[in-house]
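Chemist: So I've got this file, upload_12.cif, and it contains mmCIF, C-alpha atoms:
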```
data_protein
loop_
_atom_site.label_atom_id
_atom_site.label_comp_id
_atom_site.auth_asym_id
_atom_site.auth_seq_id
_atom_site.Cartn_x
_atom_site.Cartn_y
_atom_site.Cartn_z
CA MET A 7 97.83 -18.68 41.37
CA ARG A 8 96.47 -16.81 44.37
CA ILE A 9 96.22 -13.57 42.40
CA PHE A 10 94.54 -15.34 39.50
CA PHE A 11 91.97 -16.90 41.84
CA GLY A 12 91.29 -13.58 43.57
CA TYR A 13 90.73 -11.76 40.29
CA PHE A 14 88.56 -14.60 39.04
CA LEU A 15 86.31 -14.31 42.12
CA LEU A 16 86.16 -10.53 41.73
CA TYR A 17 85.06 -10.66 38.09
CA PHE A 18 82.70 -13.57 38.80
CA GLY A 19 81.00 -11.45 41.49
CA ALA A 20 80.91 -8.38 39.26
CA ALA A 21 79.26 -10.43 36.48
CA PHE A 22 76.58 -11.66 38.86
CA LEU A 23 75.96 -8.14 40.18
CA PHE A 24 75.56 -6.96 36.59
CA LEU A 25 73.10 -9.77 35.88
CA GLY A 26 71.13 -8.77 38.98
CA ALA A 27 70.87 -5.16 37.85
CA PHE A 28 69.95 -6.31 34.33
CA GLY A 29 67.21 -8.57 35.67
CA LEU A 30 65.82 -5.77 37.80
CA ILE A 31 65.12 -3.81 34.62
CA ARG A 32 64.06 -6.64 32.30
CA LEU A 33 61.88 -8.96 34.37
CA PRO A 34 58.10 -8.46 34.43
CA ASP A 35 56.76 -8.50 38.02
CA LEU A 36 57.81 -8.08 41.67
CA TYR A 37 58.62 -11.71 42.39
CA THR A 38 60.93 -12.35 39.48
CA ARG A 39 62.61 -9.00 40.04
CA MET A 40 63.14 -9.83 43.70
CA GLN A 41 64.74 -13.09 42.67
CA ALA A 42 67.09 -11.35 40.26
CA SER A 43 67.98 -8.54 42.62
CA THR A 44 68.53 -10.59 45.79
CA LYS A 45 69.82 -14.02 44.80
CA SER A 46 72.38 -12.86 42.29
CA THR A 47 73.36 -9.89 44.46
CA THR A 48 74.05 -12.18 47.40
CA LEU A 49 76.34 -14.36 45.33
CA GLY A 50 77.93 -11.37 43.61
CA ALA A 51 78.71 -9.46 46.80
CA PHE A 52 79.85 -12.65 48.54
CA SER A 53 82.31 -13.71 45.89
CA SER A 54 83.66 -10.21 45.21
CA VAL A 55 84.32 -9.65 48.93
CA LEU A 56 86.05 -13.03 49.12
CA GLY A 57 88.08 -12.10 46.05
CA VAL A 58 89.26 -8.91 47.75
CA GLY A 59 90.19 -10.99 50.81
CA ILE A 60 92.27 -13.38 48.70
CA LEU A 61 94.02 -10.55 46.85
CA MET A 62 94.84 -8.78 50.15
CA PRO A 63 95.86 -11.53 52.61
CA HIS A 64 96.04 -9.23 55.64
CA TRP A 65 92.33 -8.36 55.15
CA PHE A 66 91.29 -11.98 54.73
CA VAL A 67 89.69 -12.47 58.16
CA LYS A 68 87.78 -9.19 57.92
CA CYS A 69 86.52 -10.12 54.45
CA LEU A 70 85.47 -13.54 55.73
CA VAL A 71 83.42 -11.87 58.48
CA VAL A 72 81.80 -9.50 55.95
CA ALA A 73 80.99 -12.40 53.63
CA PHE A 74 79.50 -14.36 56.53
CA PHE A 75 77.20 -11.45 57.40
CA ILE A 76 76.15 -11.04 53.78
CA LEU A 77 75.21 -14.72 53.69
CA LEU A 78 73.36 -14.34 56.99
CA THR A 79 71.36 -11.18 56.32
CA ALA A 80 70.61 -10.86 52.61
CA PRO A 81 68.55 -14.06 52.12
CA VAL A 82 66.60 -13.48 55.36
CA SER A 83 65.60 -9.93 54.42
CA SER A 84 64.73 -10.90 50.85
CA SER A 85 62.54 -13.79 52.00
CA ALA A 86 60.75 -11.50 54.44
CA LEU A 87 60.17 -8.89 51.71
CA MET A 88 58.90 -11.48 49.25
CA ARG A 89 56.56 -13.02 51.81
CA ALA A 90 55.17 -9.61 52.80
CA GLY A 91 54.60 -8.83 49.12
CA TYR A 92 52.75 -12.12 48.58
CA LYS A 93 50.60 -11.73 51.66
CA THR A 94 49.56 -8.18 50.84
CA GLY A 95 48.56 -9.34 47.35
CA VAL A 96 51.03 -7.80 44.93
CA PRO A 97 49.80 -9.00 41.50
CA PHE A 98 51.62 -11.58 39.38
CA ASP A 99 52.44 -11.09 35.74
CA LYS A 100 49.29 -12.81 34.47
CA LYS A 101 50.51 -13.75 30.99
CA ARG A 102 53.66 -15.53 32.01
CA THR A 103 52.92 -17.06 35.43
CA VAL A 104 52.63 -20.83 35.10
CA VAL A 105 52.60 -22.27 38.63
CA ASN A 106 51.59 -20.61 41.89
CA LYS A 107 52.84 -22.94 44.60
CA GLY A 108 52.47 -20.27 47.27
CA LYS A 109 48.69 -20.46 47.06
CA GLU A 110 48.62 -24.13 48.09
CA PHE A 111 51.34 -23.64 50.68
CA PHE A 112 49.70 -20.76 52.52
CA SER A 113 46.18 -22.28 52.37
CA GLU A 114 47.47 -25.60 53.81
CA LYS A 115 49.26 -23.72 56.56
CA LYS A 116 46.11 -21.76 57.40
CA GLU A 117 44.03 -24.96 57.69
CA LYS A 118 46.64 -26.46 59.97
CA GLU A 119 46.68 -23.40 62.21
CA GLU A 120 42.89 -23.24 62.34
CA GLY A 121 42.74 -26.97 63.11
CA LYS A 122 44.96 -26.42 66.11
CA MET B 21 54.88 37.69 37.25
CA ILE B 22 56.04 40.07 39.97
CA ARG B 23 56.37 37.11 42.29
CA LYS B 24 58.59 35.27 39.83
CA ILE B 25 60.82 38.32 39.40
CA THR B 26 61.20 38.74 43.17
CA TYR B 27 61.96 35.02 43.53
CA THR B 28 64.67 35.26 40.88
CA ILE B 29 66.20 38.34 42.46
CA PHE B 30 66.28 36.78 45.93
CA LEU B 31 67.65 33.50 44.61
CA SER B 32 70.43 35.24 42.71
CA ILE B 33 71.31 37.26 45.82
CA ILE B 34 71.55 34.08 47.90
CA VAL B 35 73.64 32.28 45.27
CA ALA B 36 75.96 35.26 44.91
CA THR B 37 76.45 35.44 48.69
CA LEU B 38 77.25 31.73 48.86
CA ILE B 39 79.74 31.96 46.00
CA LEU B 40 81.43 34.98 47.60
CA PHE B 41 81.53 33.12 50.92
CA PHE B 42 83.17 30.03 49.42
CA VAL B 43 85.67 32.12 47.51
CA ALA B 44 86.59 34.04 50.66
CA PHE B 45 86.96 30.91 52.80
CA PRO B 46 88.36 28.04 50.70
CA PHE B 47 87.76 24.58 52.14
CA GLY B 48 90.50 23.25 54.39
CA LYS B 49 92.49 26.50 54.50
CA ASN B 50 92.24 29.51 56.79
CA LYS B 51 90.92 27.67 59.79
CA MET B 52 88.99 29.77 62.28
CA GLY B 53 90.59 30.54 65.62
CA VAL B 54 88.67 27.99 67.70
CA GLY B 55 89.12 25.16 65.20
CA LYS B 56 92.85 25.85 65.00
CA TYR B 57 93.07 25.75 68.79
CA TYR B 58 91.26 22.40 68.99
CA LEU B 59 93.37 20.80 66.26
CA ASN B 60 96.65 21.99 67.76
CA ASN B 61 95.97 21.28 71.44
CA ASP B 62 93.65 18.23 71.33
CA ILE B 63 96.26 15.51 71.84
CA LYS B 64 98.21 17.45 74.46
CA GLN B 65 95.18 18.36 76.56
CA THR B 66 92.79 15.39 76.20
CA GLY B 67 94.80 12.51 74.74
CA ALA B 68 91.96 11.52 72.41
CA ALA B 69 92.89 10.45 68.88
CA ASN B 70 89.45 11.47 67.61
CA VAL B 71 89.26 15.26 67.67
CA VAL B 72 85.47 15.25 67.35
CA THR B 73 85.18 13.25 70.57
CA ALA B 74 87.62 15.60 72.27
CA VAL B 75 85.43 18.55 71.31
CA THR B 76 82.07 17.00 72.17
CA LEU B 77 83.07 15.38 75.46
CA ASP B 78 85.96 17.43 76.81
CA TYR B 79 85.83 21.01 75.57
CA ARG B 80 82.02 21.02 75.34
CA GLY B 81 81.08 18.23 77.73
CA LEU B 82 78.35 20.30 79.36
CA ASP B 83 76.60 20.68 75.98
CA THR B 84 76.63 16.90 75.58
CA LEU B 85 75.01 16.51 78.98
CA GLY B 86 72.35 18.93 77.76
CA GLU B 87 71.89 16.92 74.55
CA VAL B 88 71.38 13.73 76.53
CA THR B 89 68.81 15.54 78.65
CA VAL B 90 67.00 16.76 75.54
CA LEU B 91 66.90 13.19 74.25
CA PHE B 92 65.50 12.01 77.58
CA ALA B 93 62.80 14.69 77.44
CA ALA B 94 61.91 13.67 73.87
CA ALA B 95 61.62 10.00 74.88
CA ALA B 96 59.39 10.94 77.82
CA GLY B 97 57.26 13.09 75.50
CA VAL B 98 56.80 10.22 73.03
CA SER B 99 55.84 7.92 75.89
CA ILE B 100 53.25 10.36 77.26
CA LEU B 101 51.80 11.02 73.81
CA PHE B 102 51.30 7.35 73.02
CA TYR B 103 49.88 6.70 76.49
CA LEU B 104 47.23 9.38 75.87
CA ILE B 105 46.42 7.91 72.43
CA ASP B 106 46.16 4.43 73.96
CA GLN B 107 43.37 5.58 76.25
CA ASP B 108 40.82 6.41 73.56
CA LYS B 109 41.78 4.30 70.55
CA LYS B 110 41.53 0.57 70.04
CA LYS B 111 44.66 -1.29 69.08
CA ARG B 112 44.90 -2.27 65.47
CA GLU B 113 45.27 -5.97 64.73
CA ARG B 114 48.37 -7.13 62.95
CA GLN B 115 47.73 -8.98 59.72
CA VAL B 116 51.03 -10.62 58.83
CA TYR B 117 53.19 -12.45 61.31
CA PRO B 118 56.88 -13.07 60.68
CA ASN B 119 57.86 -16.54 59.58
CA PHE B 120 60.39 -19.04 60.82
CA ILE B 121 63.31 -17.73 58.72
CA VAL B 122 63.01 -14.17 60.03
CA ARG B 123 62.71 -15.29 63.63
CA VAL B 124 65.76 -17.55 63.56
CA GLY B 125 67.81 -15.08 61.51
CA SER B 126 67.11 -12.18 63.84
CA ARG B 127 67.94 -14.33 66.84
CA ILE B 128 71.34 -15.11 65.30
CA ILE B 129 72.08 -11.52 64.26
CA PHE B 130 70.93 -9.75 67.45
CA PRO B 131 74.05 -10.46 69.61
CA PHE B 132 76.31 -9.34 66.75
CA ILE B 133 74.41 -6.05 66.54
CA LEU B 134 74.88 -5.56 70.29
CA LEU B 135 78.60 -6.34 69.91
CA PHE B 136 79.00 -3.88 67.04
CA GLY B 137 77.14 -1.11 68.87
CA SER B 138 79.21 -1.54 72.02
CA TYR B 139 82.40 -1.63 69.93
CA ILE B 140 81.45 1.73 68.44
CA PHE B 141 80.82 3.44 71.75
CA ILE B 142 83.79 1.88 73.58
CA HIS B 143 86.15 3.00 70.79
CA GLY B 144 84.53 6.44 70.56
CA HIS B 145 87.74 8.25 71.46
CA LEU B 146 89.79 6.41 68.80
CA THR B 147 87.59 5.89 65.75
CA PRO B 148 84.66 7.78 64.20
CA GLY B 149 81.43 7.28 66.08
CA GLY B 150 80.60 7.37 69.74
CA GLY B 151 77.90 7.01 72.33
CA PHE B 152 75.01 8.34 70.29
CA GLN B 153 75.80 6.25 67.22
CA GLY B 154 76.51 3.07 69.19
CA GLY B 155 73.33 3.51 71.23
CA SER B 156 71.28 3.91 68.05
CA ILE B 157 72.77 0.71 66.62
CA ILE B 158 71.87 -1.19 69.81
CA ALA B 159 68.32 0.18 69.65
CA SER B 160 68.07 -0.99 66.01
CA GLY B 161 68.86 -4.48 67.28
CA PHE B 162 65.90 -4.20 69.63
CA LEU B 163 63.75 -3.03 66.71
CA LEU B 164 64.73 -6.19 64.81
CA LEU B 165 63.61 -8.34 67.74
CA TYR B 166 60.31 -6.45 67.94
CA LEU B 167 59.69 -7.10 64.24
CA ALA B 168 60.52 -10.79 64.57
CA TYR B 169 58.64 -11.50 67.82
CA PRO B 170 55.56 -9.23 67.87
CA GLY B 171 54.14 -10.64 71.10
CA GLU B 172 57.16 -9.95 73.29
CA ARG B 173 58.32 -6.77 75.00
CA VAL B 174 61.44 -5.50 76.71
CA ASN B 175 61.34 -5.01 80.46
CA ARG B 176 60.66 -1.29 80.80
CA LYS B 177 61.70 -1.16 84.45
CA LYS B 178 65.14 -2.59 83.68
CA LEU B 179 65.49 -0.14 80.79
CA ALA B 180 64.64 2.76 83.11
CA VAL B 181 67.17 1.54 85.70
CA THR B 182 69.90 1.24 83.03
CA GLU B 183 69.12 4.71 81.73
CA GLY B 184 69.17 6.25 85.20
CA LEU B 185 72.42 4.56 86.19
CA ALA B 186 74.09 5.68 82.96
CA GLY B 187 73.00 9.28 83.49
CA LEU B 188 74.17 9.10 87.10
CA THR B 189 77.60 7.83 85.98
CA PHE B 190 77.98 10.80 83.63
CA VAL B 191 77.04 13.34 86.31
CA VAL B 192 79.13 11.68 89.05
CA PHE B 193 82.26 11.58 86.88
CA GLY B 194 81.63 15.21 86.03
CA ALA B 195 81.17 16.11 89.69
CA ILE B 196 84.41 14.38 90.74
CA GLY B 197 86.18 16.87 88.49
CA ILE B 198 85.03 19.71 90.73
CA PHE B 199 87.04 18.35 93.66
CA THR B 200 90.24 17.66 91.73
CA GLY B 201 92.74 19.83 89.94
CA ALA B 202 91.06 22.58 88.00
CA HIS B 203 87.89 22.84 90.15
CA SER B 204 85.64 22.61 87.10
CA PHE B 205 82.73 20.40 86.13
CA LEU B 206 83.70 17.48 83.81
CA PHE B 207 87.44 18.07 84.35
CA ASN B 208 89.48 15.29 82.72
CA PHE B 209 91.21 14.04 85.86
CA PHE B 210 92.31 10.52 84.83
CA PRO B 211 95.80 9.93 83.35
CA LYS B 212 95.83 10.50 79.59
CA GLY B 213 97.66 7.29 78.68
CA THR B 214 99.37 6.72 75.34
CA LEU B 215 97.72 7.96 72.18
CA ASN B 216 95.70 5.47 70.10
CA MET B 217 95.38 2.89 72.90
CA LEU B 218 92.05 1.73 74.30
CA PHE B 219 92.87 2.98 77.80
CA SER B 220 93.67 6.57 76.97
CA ALA B 221 92.04 9.99 76.97
CA GLY B 222 91.17 9.98 80.68
CA ILE B 223 87.46 9.91 81.46
CA LEU B 224 86.25 10.25 77.85
CA PRO B 225 85.70 6.49 77.22
CA ILE B 226 83.79 6.16 80.50
CA LEU B 227 81.54 9.09 79.58
CA TYR B 228 80.94 7.66 76.11
CA ILE B 229 80.07 4.23 77.52
CA ALA B 230 77.55 5.91 79.84
CA ILE B 231 76.08 7.87 76.91
CA GLY B 232 75.91 4.70 74.81
CA PHE B 233 73.89 2.86 77.46
CA LYS B 234 71.65 5.86 78.00
CA VAL B 235 70.91 6.49 74.32
CA GLY B 236 70.40 2.78 73.63
CA SER B 237 67.87 2.35 76.43
CA GLU B 238 66.07 5.59 75.52
CA PHE B 239 65.70 4.61 71.86
CA ALA B 240 64.63 1.10 72.86
CA GLY B 241 61.91 2.71 75.02
CA ILE B 242 60.73 4.86 72.10
CA ILE B 243 60.65 1.79 69.81
CA ASP B 244 58.68 -0.09 72.48
CA ASP B 245 56.11 2.71 72.68
CA MET B 246 55.71 2.83 68.91
CA MET B 247 55.51 -0.92 68.36
CA CYS B 248 52.88 -1.19 71.09
CA GLN B 249 50.53 0.87 68.93
CA THR B 250 49.93 -2.19 66.76
CA VAL B 251 50.58 -5.25 68.88
CA CYS B 252 51.50 -5.58 72.50
CA GLY B 253 52.18 -8.57 74.71
CA GLY B 254 52.91 -8.61 78.41
CA GLU B 255 52.22 -5.87 80.91
CA LYS B 256 52.70 -2.17 80.49
#
```
Could you write out this file's structure as structure tokens?
Modeler:
Amino acid sequence: MRIFFGYFLLYFGAAFLFLGAFGLIRLPDLYTRMQASTKSTTLGAFSSVLGVGILMPHWFVKCLVVAFFILLTAPVSSSALMRAGYKTGVPFDKKRTVVNKGKEFFSEKKEKEEGK
Amino acid sequence: MIRKITYTIFLSIIVATLILFFVAFPFGKNKMGVGKYYLNNDIKQTGAANVVTAVTLDYRGLDTLGEVTVLFAAAAGVSILFYLIDQDKKKRERQVYPNFIVRVGSRIIFPFILLFGSYIFIHGHLTPGGGFQGGSIIASGFLLLYLAYPGERVNRKKLAVTEGLAGLTFVVFGAIGIFTGAHSFLFNFFPKGTLNMLFSAGILPILYIAIGFKVGSEFAGIIDDMMCQTVCGGEK
């Protein structure tokens, strides 16, 4: 049971890593590519490291620490990258973009800051 | 055309020499005299499990002191250079400020980076890595804080005191060696302990801890100088 669960987590993570790499090639602009390459990579690395920890019980604590740091660092850095890209005006894919919530969000924030 | 021919001739000569060299000295065999000596006598003479540390701190400890001095001179040079630039150029304004997520995340991660860096330089005589690597990791933690909080600065006076004390520790422990045993600078006078334990290898861990503090504070000073080119809070 334990070995089955460990291998399941490993292959689950590998599948998500593959999807991330696939999305990096296929998606049209920076923002969608960032989403593919950071969200799915976080989950993929997280679950494959946990799978290794379950397969090798004497590494479990180490793997837990590694997984914790992946969860802590990867989303933070990806959000910072995405935000920097948006603020410096990296263009959207004009044909396929439907909603641009960031425009409202950042303009509201600016008004608030200027009001203060 | 003549140039191309000369290039080809020179390149083929270089490649031929390299191939002959690698054939004459196959990797991992036929160790040179000095390397053989270090590998055979390291554990007996220094008690360090990491042979690289034994070489850099024990057999060639004076060179390491010189390296640390070179690093100090480089940091001072960077500081002087940026001070001179500061005089005649206006500071550029920063456009993008970091958001909430980055600030909180870096505040959580910073102590772990410090812990990891100090682990690397405390275990320098047992595992790969040492004072220089650990110090660089600690300085990268400071860089993260600078990126997350652009208005804040480290206390340069405290950094300078740390750096000076660390350098003093290195020189004092070297000088004690003159008065004991072999009458030589940086003589390893402490008991060697058992191999692969934290308290082993005599004075090597102490020297590496001193180097770690010194390198960390020097790199943090360089990062402070560079970040102050764009945005700078507090007093100089």
Chemist: Could you tell me how far atom CA of Met246 of chain B sits from atom CA of Val98 of chain B, in Å to one decimal place?
Modeler: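 One can read the atom CA of Val98 of chain B to atom CA of Met246 of chain B distance as 8.5 Å.
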Chemist: Which residues match the PyMOL selection byres ((chain B) within 8 of (chain A)) in the file above, as a PyMOL selection string?
Modeler: chain B and resi 116+118-119+121-122+125+129
Chemist: Put those residues in a file: C-alpha atoms, as a PDB file, in the frame of the given file.
Modeler:
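File produced: result.pdb:
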```pdb
ATOM      1  CA  VAL B 116      51.030 -10.620  58.830  1.00  0.00           C
ATOM      2  CA  PRO B 118      56.880 -13.070  60.680  1.00  0.00           C
ATOM      3  CA  ASN B 119      57.860 -16.540  59.580  1.00  0.00           C
ATOM      4  CA  ILE B 121      63.310 -17.730  58.720  1.00  0.00           C
ATOM      5  CA  VAL B 122      63.010 -14.170  60.030  1.00  0.00           C
ATOM      6  CA  GLY B 125      67.810 -15.080  61.510  1.00  0.00           C
ATOM      7  CA  ILE B 129      72.080 -11.520  64.260  1.00  0.00           C
TER       8      ILE B 129
END
```
Chemist: Skipping near chain neighbours, those fewer than 5 positions away, what residues fall within 6 Å of segment 222-224 of chain B using all atoms listed in the file, listed as a PDB file with C-alpha atoms, keeping the file's coordinate frame?
Modeler:
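As a result, part37.pdb now contains:
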```pdb
ATOM      1  CA  ASN B 208      89.480  15.290  82.720  1.00  0.00           C
ATOM      2  CA  PHE B 210      92.310  10.520  84.830  1.00  0.00           C
ATOM      3  CA  PRO B 211      95.800   9.930  83.350  1.00  0.00           C
ATOM      4  CA  LYS B 212      95.830  10.500  79.590  1.00  0.00           C
TER       5      LYS B 212
END
```
Chemist: Please enumerate the residues selected by the PyMOL selection byres ((chain B and resi 173) around 12) when evaluated against the supplied file, formatted as a PyMOL selection string.
Modeler: chain B and resi 162-163+165-172+174-179+240-241+243-248+251-256
Chemist: Which residues, written as a list in words, have at least one atom at most 10 Å from Gly19 of chain A, with only C-alpha atoms counted and residues fewer than 4 positions away on the same chain left out?
Modeler: Tyr13, Phe14, Leu15, Leu23, Phe24, Leu25, Ser46, Thr47, Thr48, Leu49, Gly50, Ala51, Phe52, Ser53, Ser54, Val55, Leu56 and Gly57 of chain A
Chemist: For the structure provided, state which residues fall under the PyMOL selection byres ((chain A and resi 99) around 10), and present them as a ChimeraX atom specification.
Modeler: /A:33-38,96-98,100-104
